[in-house]
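Okay, structure first, notes after.
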Amino acid sequence: MRRYLYTWSKLGLKVFDSDVLILGSGIAGLYTAIKVSEHSQVTVLTKKTIEVSNTEQAQGGIAVAIDIADSPSLHFEDTLRAGAGLCDPLTVRILVEEGPACVEELMGMGAQFDRLDGELALTREGAHSQRRILHALGDATGWEIERALVAKAKESANVTVGEGHFVVDLLENHQGDIIGALVLNEETGEFEGHLAKAVVLATGGLGQVYRYTTNPSVATGDGMAAALRAGADLMDMEFVQFHPTALLIPEAPRFLISEAVRGEGAHLINSAGIRFMENVPGKELAPRDIVARAIWQEMKQGPVYLDFRPIGQERILERFPTIYKTCLNYGMDVLITPLPVAPAAHYMMGGIATNSDGETSLPHLYAAGECACNGVHGANRLASNSLLEGLVFGARIVEKMRDKIEAKRPSWKEVHSPGEDLVRTVTGISGSVKQLDGHCLRKQIQDLMWDNVGIIRDGVGLKKATELLLAWERDDLATCCVDDFETANILTVGTVIAKAALDREESRGGHFRSDYPLRLDELWQKHSLQRKEGYHVCYIPVSGAD
Ligand code: SIN
């Protein structure tokens with residue numbers, strides 16, 4: 001694996017600096033930025049416009065134990081149960097206990113959640129024992145959170161936002177400390193060096209690795225791939241969550257149909273109208289991996305539908321206005337007709353390994369949100385825990401940084417470059433082994449991953465996928481524009497997922513193998529860790545597990 005996607009030189013690059021550099025503008029990136037800006041100058045770089053993120057698309061909501069009938073302990077137990085033996089109890093405890101104060105602070109920043117008779121309204125989602133999901137504008141929770149955070153960030157004189165800035169790679173000094181990022185400014189077409197005392201990756205997920213995903217087009221695993229190239233550890237990358245219910249209409253994107261729809265009473269039915277989850281513990285609200293696999297199996301016999309009608313027309317319109325309108329645009333009226341649905345790649349449980357303060361294995365590099373992995377989600381994330389995670393661990397990064405921020409800002413002189421005398425070019429890399437067509441390759445990777453590293457996996461398919469992905473990695477993809485950088489990142493994180501899934505010979509949470517269908521705690525209750533050397537997988541214990 002090459003260290004840099006682009007052969008750059010220190011000569012002639014425009015250089016910028018700040019105290020803290022945050023890459024990504026979803027909930028983790030912006031919340032962290034707003035809090036850091038209370039004492040430091042922060043730059044937030046984002047690859048499209050500031051709002052475009054997985055956060056903006058979140059429908060269901062944000063899980064938090066605030067109801068009188070609920071408690072952090074119940075939230076803790078539900079999270080651990082869904083995580084299938086791979087959650088780190090310490091980080092889960094932090095999540096559920098520090099979550100309520102962070103949500104309070106988020107509301108103080110302007111996010112408004114739906115209320116019922118003046119009280120915060122709470123809904124239920126799969127594998128939650130209580131109603132503990134806050135939502136906004138019915139089913140546009142992420143949109144409302146992003147709106148509030150963007151407004152708050154823009155108010156702060158200490159926050160500089162760079163839109164259309166694609167992070168190509170992380171920059172290091174001669175000691176291996178991360179001191180910034182190499183960035184392509186899409187507006188000017190120029191590469192830039194952004195330096196900081198601390199760098200926070202909050203670049204989100206990687207759904208675009210798969211043919212079908214609920215994620216926006218920006219979710220190409222850029223932060224995880226850049227961290228891996230820089231030498232950081234990735235953890236638990238075999239655990240991909242497939243959301244059970246995405247809209248299934250030929251040629252339409254797999255638009256998310258929130259789990260909250262089932263939480264409010266919708267039924268999953270097959271083409272004979274039979275409620276096939278009826279006899280499964282938890283029924284439609286069983287953990288996501290179980291529901292997704294049940295739908296997948298059922299689809300072998302025929303289409304599967306989500307029947308909204310048990311919710312009642314008035315409630316559907318009040319709770320799910322976005323889903324209702326979007327489906328209507330595709331000619332489906334959920335008030336009248338059951339909606340065809342299918343699973344789609346939704347969330348990466350793994351990511352850049354961090355401790356409970358968001359510190360990665362590389363000095364001065366932090367990670368938060370979906371691109372990070374601190375063991376909080378285990379093998380299967382509990383619905384609506386991810387927005388909460390972005391807040392809680394973003395806040396902890398800010399606390400951790402507080403004592404380090406007094407240091408001097410790094411200088412461009414300190415940056416270790418791949419070749420001091422190379423002149424920057426815009427023609428990309430040279431010395432091809434075999435030139436690959438980026439557009440074609442992206443599609444091939446997505447198909448290969450969906451068919452062989454998807455909801456149900458086996459050794460034959462995983463081996464085939466791993467070998468092909470490694471072969472493509474050895475060939476040359478000319479990387480000189482954002483599309484190519486993204487494809488290279490998709491290839492890297494796809495290879496990491498496939499290799500980790502091939503090596504884990506058991507089934508657990510989001511990782512199900514038909515050739516090893518059982519969960520084998522004695523052998524496999526451990527986290528996988530991968531470094532860039534040959535995608536080799538090693539394992540570390542689950543901290544605090546029985
Ligand atoms: C949903 O609304 O079903 C998605 C929520 C989540 O992924 O946590």
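Chains: A, B, ... in order of the structure tokens. Residues: from 1 per chain. Ligands: from 1, in order shown.
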| request: Identify all residues of region 264-398 of chain A in strand (DSSP E) (DSSP on the backbone) and supply them as a PyMOL selection string. | output: chain A and resi 267-270+304-307+339-348+351-353+365-367+372-373
Next, write the just-selected residues to a file, as a PDB file, in the first residue's frame, keeping N, CA and C atoms as the atom set.
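As written to disk, part.pdb reads:
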ATOM      1  N   HIS A 267     -45.553  -3.352  10.094  1.00  0.00           N
ATOM      2  CA  HIS A 267     -45.275  -4.785  10.007  1.00  0.00           C
ATOM      3  C   HIS A 267     -44.471  -5.107   8.758  1.00  0.00           C
ATOM      4  N   LEU A 268     -43.606  -6.103   8.893  1.00  0.00           N
ATOM      5  CA  LEU A 268     -42.924  -6.640   7.713  1.00  0.00           C
ATOM      6  C   LEU A 268     -43.750  -7.817   7.207  1.00  0.00           C
ATOM      7  N   ILE A 269     -44.084  -7.787   5.925  1.00  0.00           N
ATOM      8  CA  ILE A 269     -44.886  -8.882   5.373  1.00  0.00           C
ATOM      9  C   ILE A 269     -44.250  -9.397   4.075  1.00  0.00           C
ATOM     10  N   ASN A 270     -44.555 -10.647   3.749  1.00  0.00           N
ATOM     11  CA  ASN A 270     -44.064 -11.178   2.471  1.00  0.00           C
ATOM     12  C   ASN A 270     -45.153 -11.022   1.408  1.00  0.00           C
ATOM     13  N   VAL A 304     -40.418  -8.382  -0.269  1.00  0.00           N
ATOM     14  CA  VAL A 304     -40.802  -8.120   1.128  1.00  0.00           C
ATOM     15  C   VAL A 304     -41.313  -6.684   1.210  1.00  0.00           C
ATOM     16  N   TYR A 305     -42.310  -6.483   2.046  1.00  0.00           N
ATOM     17  CA  TYR A 305     -42.938  -5.157   2.150  1.00  0.00           C
ATOM     18  C   TYR A 305     -42.973  -4.693   3.599  1.00  0.00           C
ATOM     19  N   LEU A 306     -42.941  -3.376   3.747  1.00  0.00           N
ATOM     20  CA  LEU A 306     -43.173  -2.787   5.067  1.00  0.00           C
ATOM     21  C   LEU A 306     -44.563  -2.158   5.025  1.00  0.00           C
ATOM     22  N   ASP A 307     -45.432  -2.688   5.877  1.00  0.00           N
ATOM     23  CA  ASP A 307     -46.820  -2.232   5.883  1.00  0.00           C
ATOM     24  C   ASP A 307     -47.004  -1.175   6.983  1.00  0.00           C
ATOM     25  N   LEU A 339     -44.947  -0.990   1.340  1.00  0.00           N
ATOM     26  CA  LEU A 339     -43.801  -0.459   0.597  1.00  0.00           C
ATOM     27  C   LEU A 339     -42.755  -1.554   0.372  1.00  0.00           C
ATOM     28  N   PRO A 340     -42.292  -1.761  -0.879  1.00  0.00           N
ATOM     29  CA  PRO A 340     -41.240  -2.769  -1.082  1.00  0.00           C
ATOM     30  C   PRO A 340     -39.923  -2.306  -0.453  1.00  0.00           C
ATOM     31  N   VAL A 341     -39.314  -3.174   0.348  1.00  0.00           N
ATOM     32  CA  VAL A 341     -38.066  -2.808   1.043  1.00  0.00           C
ATOM     33  C   VAL A 341     -37.047  -3.937   0.923  1.00  0.00           C
ATOM     34  N   ALA A 342     -35.790  -3.581   1.161  1.00  0.00           N
ATOM     35  CA  ALA A 342     -34.699  -4.566   1.163  1.00  0.00           C
ATOM     36  C   ALA A 342     -33.573  -4.014   2.021  1.00  0.00           C
ATOM     37  N   PRO A 343     -32.702  -4.873   2.528  1.00  0.00           N
ATOM     38  CA  PRO A 343     -31.557  -4.372   3.302  1.00  0.00           C
ATOM     39  C   PRO A 343     -30.555  -3.629   2.415  1.00  0.00           C
ATOM     40  N   ALA A 344     -29.797  -2.720   3.029  1.00  0.00           N
ATOM     41  CA  ALA A 344     -28.730  -1.996   2.327  1.00  0.00           C
ATOM     42  C   ALA A 344     -27.640  -1.649   3.336  1.00  0.00           C
ATOM     43  N   ALA A 345     -26.396  -1.546   2.846  1.00  0.00           N
ATOM     44  CA  ALA A 345     -25.280  -1.208   3.741  1.00  0.00           C
ATOM     45  C   ALA A 345     -25.557   0.142   4.390  1.00  0.00           C
ATOM     46  N   HIS A 346     -25.325   0.220   5.703  1.00  0.00           N
ATOM     47  CA  HIS A 346     -25.793   1.401   6.427  1.00  0.00           C
ATOM     48  C   HIS A 346     -24.736   2.002   7.343  1.00  0.00           C
ATOM     49  N   TYR A 347     -23.978   1.159   8.051  1.00  0.00           N
ATOM     50  CA  TYR A 347     -23.100   1.712   9.094  1.00  0.00           C
ATOM     51  C   TYR A 347     -21.910   0.798   9.325  1.00  0.00           C
ATOM     52  N   MET A 348     -20.742   1.394   9.518  1.00  0.00           N
ATOM     53  CA  MET A 348     -19.540   0.623   9.838  1.00  0.00           C
ATOM     54  C   MET A 348     -19.333   0.628  11.353  1.00  0.00           C
ATOM     55  N   GLY A 351     -13.656   0.814  12.576  1.00  0.00           N
ATOM     56  CA  GLY A 351     -13.107   2.114  12.179  1.00  0.00           C
ATOM     57  C   GLY A 351     -11.709   2.297  12.740  1.00  0.00           C
ATOM     58  N   ILE A 352     -11.279   3.546  12.804  1.00  0.00           N
ATOM     59  CA  ILE A 352      -9.940   3.863  13.307  1.00  0.00           C
ATOM     60  C   ILE A 352      -9.942   3.595  14.816  1.00  0.00           C
ATOM     61  N   ALA A 353      -9.057   2.698  15.249  1.00  0.00           N
ATOM     62  CA  ALA A 353      -9.064   2.319  16.671  1.00  0.00           C
ATOM     63  C   ALA A 353      -8.719   3.522  17.544  1.00  0.00           C
ATOM     64  N   LEU A 365      -3.247  12.482  16.612  1.00  0.00           N
ATOM     65  CA  LEU A 365      -4.378  12.169  15.724  1.00  0.00           C
ATOM     66  C   LEU A 365      -5.520  11.594  16.567  1.00  0.00           C
ATOM     67  N   TYR A 366      -6.688  12.217  16.439  1.00  0.00           N
ATOM     68  CA  TYR A 366      -7.890  11.786  17.150  1.00  0.00           C
ATOM     69  C   TYR A 366      -8.933  11.366  16.119  1.00  0.00           C
ATOM     70  N   ALA A 367      -9.911  10.573  16.543  1.00  0.00           N
ATOM     71  CA  ALA A 367     -11.003  10.226  15.628  1.00  0.00           C
ATOM     72  C   ALA A 367     -12.302  10.129  16.410  1.00  0.00           C
ATOM     73  N   ALA A 372     -14.504   6.279  13.558  1.00  0.00           N
ATOM     74  CA  ALA A 372     -13.721   5.811  14.711  1.00  0.00           C
ATOM     75  C   ALA A 372     -14.301   4.518  15.267  1.00  0.00           C
ATOM     76  N   CYS A 373     -13.479   3.785  16.012  1.00  0.00           N
ATOM     77  CA  CYS A 373     -13.980   2.585  16.690  1.00  0.00           C
ATOM     78  C   CYS A 373     -13.352   2.511  18.075  1.00  0.00           C
TER      79      CYS A 373
END
| task | Give me every helix (DSSP H, G or I) residue in region 150-264 of chain A, going by DSSP on the backbone, as a list in words. | result | Val150, Ala151, Lys152, Ala153, Lys154, Glu155, Gly207, Gln208, Val209, Asp222, Gly223, Met224, Ala225, Ala226, Ala227, Leu228, Arg229, Ala230, Glu259, Ala260, Val261, Arg262 and Gly263 of chain A
| Surroundings of ligand 1 up to 10 Å, based on only C-alpha atoms and all ligand atoms, as a ChimeraX atom specification | /A:54-55,57-63,125-126,133,135,139-142,214,241-246,256-263,288,346-347,381-388
I need the residues from that last selection saved to file as a compact mmCIF listing (two decimals), in the first residue's frame (with N, CA and C atoms), if you can.
# COMPACT_ATOMS: atom_id res chain seq x y z
N ASN A 54 -23.59 11.93 6.60
CA ASN A 54 -24.55 10.91 7.04
C ASN A 54 -25.47 11.48 8.11
N THR A 55 -24.91 12.37 8.94
CA THR A 55 -25.73 12.96 10.01
C THR A 55 -26.99 13.59 9.44
N GLN A 57 -28.71 12.93 7.06
CA GLN A 57 -29.72 12.00 6.57
C GLN A 57 -30.36 11.15 7.66
N ALA A 58 -29.85 11.27 8.90
CA ALA A 58 -30.39 10.42 9.97
C ALA A 58 -31.86 10.74 10.18
N GLN A 59 -32.65 9.70 10.23
CA GLN A 59 -34.09 9.90 10.38
C GLN A 59 -34.53 9.63 11.81
N GLY A 60 -34.32 8.37 12.21
CA GLY A 60 -34.88 7.86 13.47
C GLY A 60 -34.62 8.75 14.65
N GLY A 61 -33.34 9.01 14.93
CA GLY A 61 -33.09 9.91 16.04
C GLY A 61 -31.83 9.63 16.81
N ILE A 62 -31.89 10.06 18.06
CA ILE A 62 -30.73 9.97 18.94
C ILE A 62 -31.18 9.31 20.24
N ALA A 63 -30.52 8.21 20.57
CA ALA A 63 -30.92 7.43 21.75
C ALA A 63 -30.31 8.04 22.99
N GLU A 125 -37.00 1.96 19.04
CA GLU A 125 -36.44 1.30 17.85
C GLU A 125 -35.97 -0.09 18.24
N GLY A 126 -35.51 -0.84 17.23
CA GLY A 126 -35.15 -2.24 17.44
C GLY A 126 -34.14 -2.44 18.56
N ILE A 133 -35.77 7.25 22.06
CA ILE A 133 -35.20 7.89 20.87
C ILE A 133 -35.83 9.27 20.69
N HIS A 135 -36.47 12.58 18.54
CA HIS A 135 -36.55 12.82 17.10
C HIS A 135 -36.94 14.26 16.85
N ASP A 139 -39.36 12.84 11.18
CA ASP A 139 -38.31 11.89 10.76
C ASP A 139 -37.13 12.62 10.11
N ALA A 140 -36.84 13.84 10.54
CA ALA A 140 -35.71 14.58 9.95
C ALA A 140 -34.76 15.02 11.07
N THR A 141 -34.48 14.09 11.97
CA THR A 141 -33.67 14.40 13.16
C THR A 141 -32.28 14.89 12.78
N GLY A 142 -31.64 14.18 11.86
CA GLY A 142 -30.27 14.55 11.46
C GLY A 142 -30.24 15.92 10.82
N THR A 214 -27.63 2.97 2.10
CA THR A 214 -28.48 4.11 2.49
C THR A 214 -27.64 5.39 2.58
N GLN A 241 -22.97 -2.89 9.30
CA GLN A 241 -24.40 -3.04 9.60
C GLN A 241 -25.21 -2.81 8.32
N PHE A 242 -26.07 -3.76 8.03
CA PHE A 242 -26.99 -3.61 6.90
C PHE A 242 -28.35 -3.22 7.48
N HIS A 243 -28.84 -2.05 7.08
CA HIS A 243 -30.14 -1.62 7.60
C HIS A 243 -31.20 -2.50 6.95
N PRO A 244 -32.15 -3.01 7.75
CA PRO A 244 -33.13 -3.95 7.18
C PRO A 244 -34.01 -3.32 6.10
N THR A 245 -34.34 -2.05 6.27
CA THR A 245 -35.39 -1.51 5.39
C THR A 245 -34.94 -0.26 4.64
N ALA A 246 -34.54 -0.49 3.40
CA ALA A 246 -34.31 0.63 2.47
C ALA A 246 -35.34 0.44 1.34
N LEU A 256 -33.42 5.38 2.92
CA LEU A 256 -33.65 4.76 4.23
C LEU A 256 -35.11 4.87 4.67
N ILE A 257 -35.65 3.75 5.13
CA ILE A 257 -36.97 3.77 5.77
C ILE A 257 -36.72 3.48 7.24
N SER A 258 -36.79 4.51 8.04
CA SER A 258 -36.33 4.45 9.43
C SER A 258 -36.90 3.28 10.21
N GLU A 259 -36.04 2.77 11.10
CA GLU A 259 -36.47 1.73 12.02
C GLU A 259 -37.61 2.23 12.93
N ALA A 260 -37.68 3.53 13.10
CA ALA A 260 -38.74 4.11 13.93
C ALA A 260 -40.12 3.79 13.34
N VAL A 261 -40.17 3.52 12.03
CA VAL A 261 -41.46 3.15 11.41
C VAL A 261 -41.94 1.83 12.03
N ARG A 262 -40.99 0.89 12.17
CA ARG A 262 -41.37 -0.36 12.85
C ARG A 262 -41.59 -0.10 14.34
N GLY A 263 -40.80 0.85 14.89
CA GLY A 263 -40.97 1.20 16.30
C GLY A 263 -42.37 1.72 16.59
N ARG A 288 -30.98 -5.35 14.53
CA ARG A 288 -30.92 -5.09 13.10
C ARG A 288 -30.36 -6.23 12.26
N HIS A 346 -25.33 0.22 5.70
CA HIS A 346 -25.79 1.40 6.43
C HIS A 346 -24.74 2.00 7.34
N TYR A 347 -23.98 1.16 8.05
CA TYR A 347 -23.10 1.71 9.09
C TYR A 347 -21.91 0.80 9.32
N ARG A 381 -24.33 -2.31 16.07
CA ARG A 381 -24.71 -1.07 16.76
C ARG A 381 -26.20 -1.05 17.10
N LEU A 382 -26.48 -0.64 18.31
CA LEU A 382 -27.88 -0.42 18.70
C LEU A 382 -28.39 0.83 17.97
N ALA A 383 -29.58 0.72 17.41
CA ALA A 383 -30.14 1.82 16.61
C ALA A 383 -30.07 3.15 17.37
N SER A 384 -29.70 4.19 16.63
CA SER A 384 -29.68 5.58 17.13
C SER A 384 -28.63 5.86 18.20
N ASN A 385 -27.69 4.92 18.39
CA ASN A 385 -26.57 5.20 19.29
C ASN A 385 -25.46 6.01 18.61
N SER A 386 -25.51 6.11 17.28
CA SER A 386 -24.35 6.72 16.61
C SER A 386 -24.31 8.24 16.76
N LEU A 387 -25.46 8.90 16.70
CA LEU A 387 -25.44 10.36 16.88
C LEU A 387 -24.95 10.68 18.29
N LEU A 388 -25.40 9.86 19.25
CA LEU A 388 -24.97 10.07 20.63
C LEU A 388 -23.46 9.88 20.75
| Selected residue, from A:Cys87, A:Val542, A:Leu491, A:Ile311, that lies nearest to Val334 (chain A) when counting only C-alpha atoms |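 Closest to Val334 (chain A), using only C-alpha atoms: A:Ile311.
CA of Gly29 (chain A) lies 13.4 Å from CA of Lys154 (chain A).
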